[in-house]
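So this one's start14.csv, CSV, C-alpha atoms:
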```
chain,number,residue,atom,x,y,z
A,863,MET,CA,219.8,165.9,-54.8
A,864,SER,CA,216.5,167.5,-55.4
A,865,VAL,CA,213.7,165.9,-57.5
A,866,PHE,CA,213.9,169.0,-59.7
A,867,ALA,CA,217.6,168.5,-60.4
A,868,SER,CA,217.1,164.8,-61.0
A,869,SER,CA,214.4,165.6,-63.5
A,870,LEU,CA,216.7,167.9,-65.4
A,871,GLU,CA,219.4,165.1,-65.6
A,872,SER,CA,216.8,162.8,-67.3
A,873,LEU,CA,216.2,165.3,-70.1
A,874,ALA,CA,217.9,165.0,-73.5
A,875,ASP,CA,220.3,167.8,-74.5
A,876,ALA,CA,217.9,169.1,-77.2
A,877,GLU,CA,215.1,169.5,-74.6
A,878,LEU,CA,217.5,171.3,-72.3
A,879,VAL,CA,218.5,173.6,-75.2
A,880,GLU,CA,214.8,174.3,-76.0
A,881,ARG,CA,214.1,175.2,-72.3
A,882,ALA,CA,217.2,177.3,-72.0
A,883,ALA,CA,216.4,179.2,-75.1
A,884,ALA,CA,213.0,179.9,-73.5
A,885,GLY,CA,214.8,181.5,-70.5
A,886,ARG,CA,215.0,178.5,-68.2
A,887,GLU,CA,218.4,179.2,-66.7
A,888,GLU,CA,218.5,175.9,-64.7
A,889,SER,CA,218.3,174.1,-68.0
A,890,PHE,CA,221.4,175.9,-69.3
A,891,ALA,CA,223.1,175.2,-66.0
A,892,GLU,CA,222.5,171.5,-66.6
A,893,LEU,CA,224.0,171.7,-70.0
A,894,VAL,CA,227.1,173.4,-68.5
A,895,ARG,CA,227.3,170.7,-65.8
A,896,ARG,CA,227.2,168.0,-68.5
A,897,TYR,CA,229.7,169.5,-70.9
A,898,GLN,CA,232.0,171.8,-68.8
A,899,ARG,CA,234.7,169.2,-68.0
A,900,PRO,CA,234.8,167.5,-71.4
A,901,ILE,CA,235.0,170.8,-73.2
A,902,ILE,CA,237.8,172.0,-70.9
A,903,ALA,CA,239.7,168.8,-71.4
A,904,TYR,CA,239.2,168.9,-75.2
A,905,VAL,CA,240.3,172.5,-75.5
A,906,TYR,CA,243.3,171.9,-73.1
A,907,ARG,CA,244.5,169.0,-75.3
A,908,ILE,CA,244.5,171.3,-78.3
A,909,VAL,CA,246.0,174.4,-76.8
A,910,GLY,CA,248.2,172.8,-74.1
A,911,ASP,CA,247.6,175.5,-71.6
A,912,TYR,CA,245.2,174.8,-68.7
A,913,ASP,CA,244.5,178.4,-67.8
A,914,ALA,CA,243.8,179.3,-71.4
A,915,ALA,CA,241.5,176.2,-71.7
A,916,LEU,CA,239.5,177.4,-68.7
A,917,ASP,CA,239.1,180.9,-70.3
A,918,LEU,CA,238.3,179.4,-73.7
A,919,ALA,CA,235.7,177.0,-72.2
A,920,GLN,CA,234.0,180.0,-70.5
A,921,GLU,CA,234.0,181.8,-73.9
A,922,VAL,CA,232.5,178.7,-75.5
A,923,PHE,CA,229.6,178.6,-73.0
A,924,ILE,CA,229.0,182.3,-73.4
A,925,LYS,CA,228.8,181.8,-77.2
A,926,VAL,CA,226.5,178.8,-76.8
A,927,TYR,CA,224.2,180.7,-74.5
A,928,GLY,CA,224.1,183.6,-77.0
A,929,SER,CA,223.4,181.2,-79.9
A,930,LEU,CA,220.8,179.0,-78.3
A,931,GLY,CA,218.1,180.4,-80.6
A,932,ARG,CA,220.1,179.3,-83.6
A,933,TYR,CA,220.7,175.7,-82.5
A,934,ARG,CA,218.9,173.3,-84.8
A,935,ALA,CA,217.6,170.1,-83.1
A,936,GLU,CA,218.4,167.9,-86.1
A,937,TYR,CA,222.1,168.1,-85.0
A,938,LYS,CA,223.5,166.6,-81.9
A,939,PHE,CA,224.1,169.2,-79.2
A,940,SER,CA,227.5,167.6,-78.4
A,941,THR,CA,228.7,168.0,-82.0
A,942,TRP,CA,227.5,171.6,-82.1
A,943,ILE,CA,229.3,172.5,-78.8
A,944,TYR,CA,232.5,170.7,-79.8
A,945,ARG,CA,232.4,172.6,-83.1
A,946,ILE,CA,232.2,175.9,-81.2
A,947,ALA,CA,235.0,174.7,-78.9
A,948,HIS,CA,237.1,173.7,-81.9
A,949,ASN,CA,236.8,177.1,-83.5
A,950,ALA,CA,237.6,178.9,-80.2
A,951,ALA,CA,240.7,176.7,-79.7
A,952,ILE,CA,241.9,177.2,-83.3
A,953,ASP,CA,241.4,181.0,-83.0
A,954,HIS,CA,243.4,181.0,-79.8
A,955,LEU,CA,246.3,179.1,-81.4
A,956,ARG,CA,246.3,181.6,-84.3
A,957,ARG,CA,246.4,184.5,-81.8
A,958,VAL,CA,249.2,182.8,-79.9
A,959,ALA,CA,251.2,182.1,-83.1
A,960,ALA,CA,250.8,185.7,-84.2
A,961,ARG,CA,251.9,186.9,-80.8
A,962,ASP,CA,254.9,184.5,-80.7
A,963,ALA,CA,255.9,185.6,-84.2
A,964,ARG,CA,255.9,189.3,-83.1
A,965,GLU,CA,257.8,188.4,-80.0
A,966,GLU,CA,260.4,186.4,-82.0
A,967,VAL,CA,260.9,189.4,-84.3
A,968,GLU,CA,261.4,191.6,-81.2
A,969,ARG,CA,263.8,189.1,-79.7
A,970,ARG,CA,265.9,189.0,-82.9
A,971,GLU,CA,266.0,192.8,-83.0
A,972,ARG,CA,267.1,192.9,-79.4
A,973,HIS,CA,269.7,190.2,-80.1
A,974,LEU,CA,271.1,192.2,-83.0
A,975,ARG,CA,271.4,195.3,-80.8
A,976,SER,CA,273.0,193.4,-77.9
A,977,SER,CA,276.2,191.5,-78.0
A,978,ALA,CA,276.3,188.1,-79.6
A,979,LEU,CA,275.9,185.0,-77.5
A,980,ASN,CA,279.1,183.1,-76.6
A,981,PRO,CA,279.5,179.6,-78.1
A,982,GLU,CA,278.3,177.9,-74.9
A,983,GLN,CA,275.2,180.0,-74.7
A,984,GLU,CA,274.5,179.4,-78.4
A,985,ARG,CA,274.9,175.6,-77.9
A,986,GLU,CA,272.6,175.6,-74.9
A,987,ARG,CA,270.0,177.6,-76.8
A,988,ASN,CA,270.2,175.3,-79.8
A,989,GLU,CA,269.9,172.2,-77.5
A,990,ARG,CA,266.8,173.6,-75.8
A,991,ARG,CA,265.3,174.6,-79.1
A,992,ALA,CA,265.9,171.1,-80.5
A,993,GLU,CA,264.3,169.5,-77.4
A,994,ILE,CA,261.3,171.7,-77.6
A,995,GLU,CA,260.9,171.1,-81.3
A,996,ALA,CA,261.2,167.4,-80.9
A,997,VAL,CA,258.3,167.4,-78.3
A,998,VAL,CA,256.1,169.8,-80.3
A,999,ASP,CA,256.7,168.0,-83.6
A,1000,GLN,CA,255.8,164.6,-82.2
A,1001,LEU,CA,252.4,164.8,-83.8
A,1002,PRO,CA,251.1,167.6,-86.1
A,1003,PRO,CA,248.2,169.6,-84.5
A,1004,ALA,CA,245.8,168.6,-87.3
A,1005,TYR,CA,246.5,165.0,-86.5
A,1006,ARG,CA,246.7,165.5,-82.8
A,1007,GLU,CA,243.2,167.1,-82.7
A,1008,LEU,CA,241.6,164.2,-84.6
A,1009,ILE,CA,243.1,161.6,-82.3
A,1010,ILE,CA,241.9,163.5,-79.3
A,1011,LEU,CA,238.4,163.8,-80.7
A,1012,ARG,CA,238.3,160.1,-81.7
A,1013,HIS,CA,239.9,158.5,-78.6
A,1014,ALA,CA,239.6,161.0,-75.7
A,1015,HIS,CA,236.1,162.1,-76.6
A,1016,ASP,CA,234.7,159.0,-78.4
A,1017,LEU,CA,233.4,161.0,-81.3
A,1018,SER,CA,232.6,159.0,-84.4
A,1019,TYR,CA,234.4,159.7,-87.7
A,1020,GLU,CA,231.2,161.4,-88.9
A,1021,GLU,CA,231.0,163.6,-85.8
A,1022,ILE,CA,234.7,164.5,-86.2
A,1023,ALA,CA,234.1,165.5,-89.8
A,1024,GLU,CA,231.3,167.8,-88.7
A,1025,VAL,CA,233.2,169.3,-85.8
A,1026,THR,CA,236.3,170.0,-87.9
A,1027,ALA,CA,234.5,170.7,-91.2
A,1028,LEU,CA,236.8,168.2,-93.0
A,1029,PRO,CA,235.6,165.6,-95.5
A,1030,LEU,CA,234.9,162.2,-93.9
A,1031,GLY,CA,237.7,160.6,-96.1
A,1032,THR,CA,240.2,163.1,-94.9
A,1033,VAL,CA,239.3,162.5,-91.3
A,1034,LYS,CA,239.7,158.7,-91.7
A,1035,ASN,CA,243.0,159.2,-93.6
A,1036,ARG,CA,244.5,161.6,-91.1
A,1037,ILE,CA,243.6,159.4,-88.1
A,1038,PHE,CA,245.2,156.4,-89.9
A,1039,ARG,CA,248.3,158.5,-90.6
A,1040,ALA,CA,248.4,159.8,-87.0
A,1041,ARG,CA,248.3,156.3,-85.6
A,1042,GLU,CA,251.1,155.3,-87.9
A,1043,MET,CA,253.2,158.3,-86.8
A,1044,MET,CA,252.5,157.4,-83.1
A,1045,ARG,CA,253.4,153.8,-83.7
A,1046,ARG,CA,256.8,154.8,-85.3
A,1047,MET,CA,257.5,157.2,-82.4
A,1048,PHE,CA,256.9,154.5,-79.9
A,1049,ILE,CA,259.2,152.1,-81.7
A,1050,GLU,CA,261.9,154.8,-81.9
A,1051,ARG,CA,261.7,155.3,-78.2
A,1052,GLY,CA,262.0,151.5,-77.6
A,1053,ILE,CA,258.3,151.1,-76.6
A,1054,THR,CA,256.9,148.1,-78.5
A,1055,GLU,CA,253.4,146.6,-78.4
A,1056,ALA,CA,252.9,143.9,-75.8
```

Take the structure from the file and write it as structure tokens.
Amino acid sequence: MSVFASSLESLADAELVERAAAGREESFAELVRRYQRPIIAYVYRIVGDYDAALDLAQEVFIKVYGSLGRYRAEYKFSTWIYRIAHNAAIDHLRRVAARDAREEVERRERHLRSSALNPEQERERNERRAEIEAVVDQLPPAYRELIILRHAHDLSYEEIAEVTALPLGTVKNRIFRAREMMRRMFIERGITEA
């Protein structure tokens, strides 16, 4: 490792942002090096699609680069970038939900035009749907995201409130509720605390 690269590693995020905003590309590259993997992991945990997470993380860094001049040093850079990643992930989920709703309408229209399913096909379809719903419904996305931020990314309650734009009390309450839901699901599956 070069002395130059080593000196960049010793700089605080805010210093790197200041240098990157002034056109020092190596400083932005260091910010990407620091945050790329955590941002990909965070977005992946929200959207559940690794390829989409890679694309969204790239979008996040493009947005960050374009917004460097607007970054205010009184805020932690990590909170700022997680907020951008949060917004990108939520926007993606909305787009996917809208696309899925359109596809569902199209599927129903095709189904009405085609012959009806036989009872065996109907049963299999219902079983698959129930299995998928059971997995998806294990933890509501709003709760799942807060648990990810708190435990997978070690953000404080205050940082989570800033990233999600939720009141601090709501963050604490939802994390408590999410933990209770998780505890009940573990018990239902026969997994008890040691």

> Between A:Val894, A:Ala914, A:His1013, A:Ala919, which one has atoms that come closest to Arg957 (chain A), using all atoms listed in the file?
Replying inline: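 Comparing A:Val894, A:Ala914, A:His1013, A:Ala919 against Arg957 (chain A), the winner is A:Ala914.
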
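Reported to one decimal place, the separation of CA of Ala935 (chain A) from CA of Asp875 (chain A) is 9.3 Å.
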
Give me the region 952-983 of chain A side of the contact with region 897-909 of chain A, cut-off 10 Å, one line per residue showing its nearest atom pair and distance in Å at one decimal, counting all atoms listed in the file, sorted by chain and residue number, as CSV.
```
residue,atom,partner,partner_atom,distance
A:Ile952,CA,A:Ile908,CA,8.2
A:His954,CA,A:Val909,CA,7.7
A:Leu955,CA,A:Val909,CA,6.6
A:Val958,CA,A:Val909,CA,9.5
```

Any chance you could export the current selection's C-alpha atoms as an mmCIF file, in the frame of the given file?
```
data_model
loop_
_atom_site.group_PDB
_atom_site.id
_atom_site.type_symbol
_atom_site.label_atom_id
_atom_site.label_comp_id
_atom_site.auth_asym_id
_atom_site.auth_seq_id
_atom_site.Cartn_x
_atom_site.Cartn_y
_atom_site.Cartn_z
ATOM 1 C CA ILE A 952 241.900 177.200 -83.300
ATOM 2 C CA HIS A 954 243.400 181.000 -79.800
ATOM 3 C CA LEU A 955 246.300 179.100 -81.400
ATOM 4 C CA VAL A 958 249.200 182.800 -79.900
#
```

> From the set A:Arg934, A:His1015, A:Arg895, A:Lys925, which residue has the shortest atom-to-atom contact distance to Glu880 (chain A), counting all atoms listed in the file?
Replying inline: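 Using all atoms listed in the file, the shortest distance to Glu880 (chain A) belongs to A:Arg934.
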
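Relative to CA of Leu1011 (chain A), CA of Arg896 (chain A) is found at 17.1 Å.
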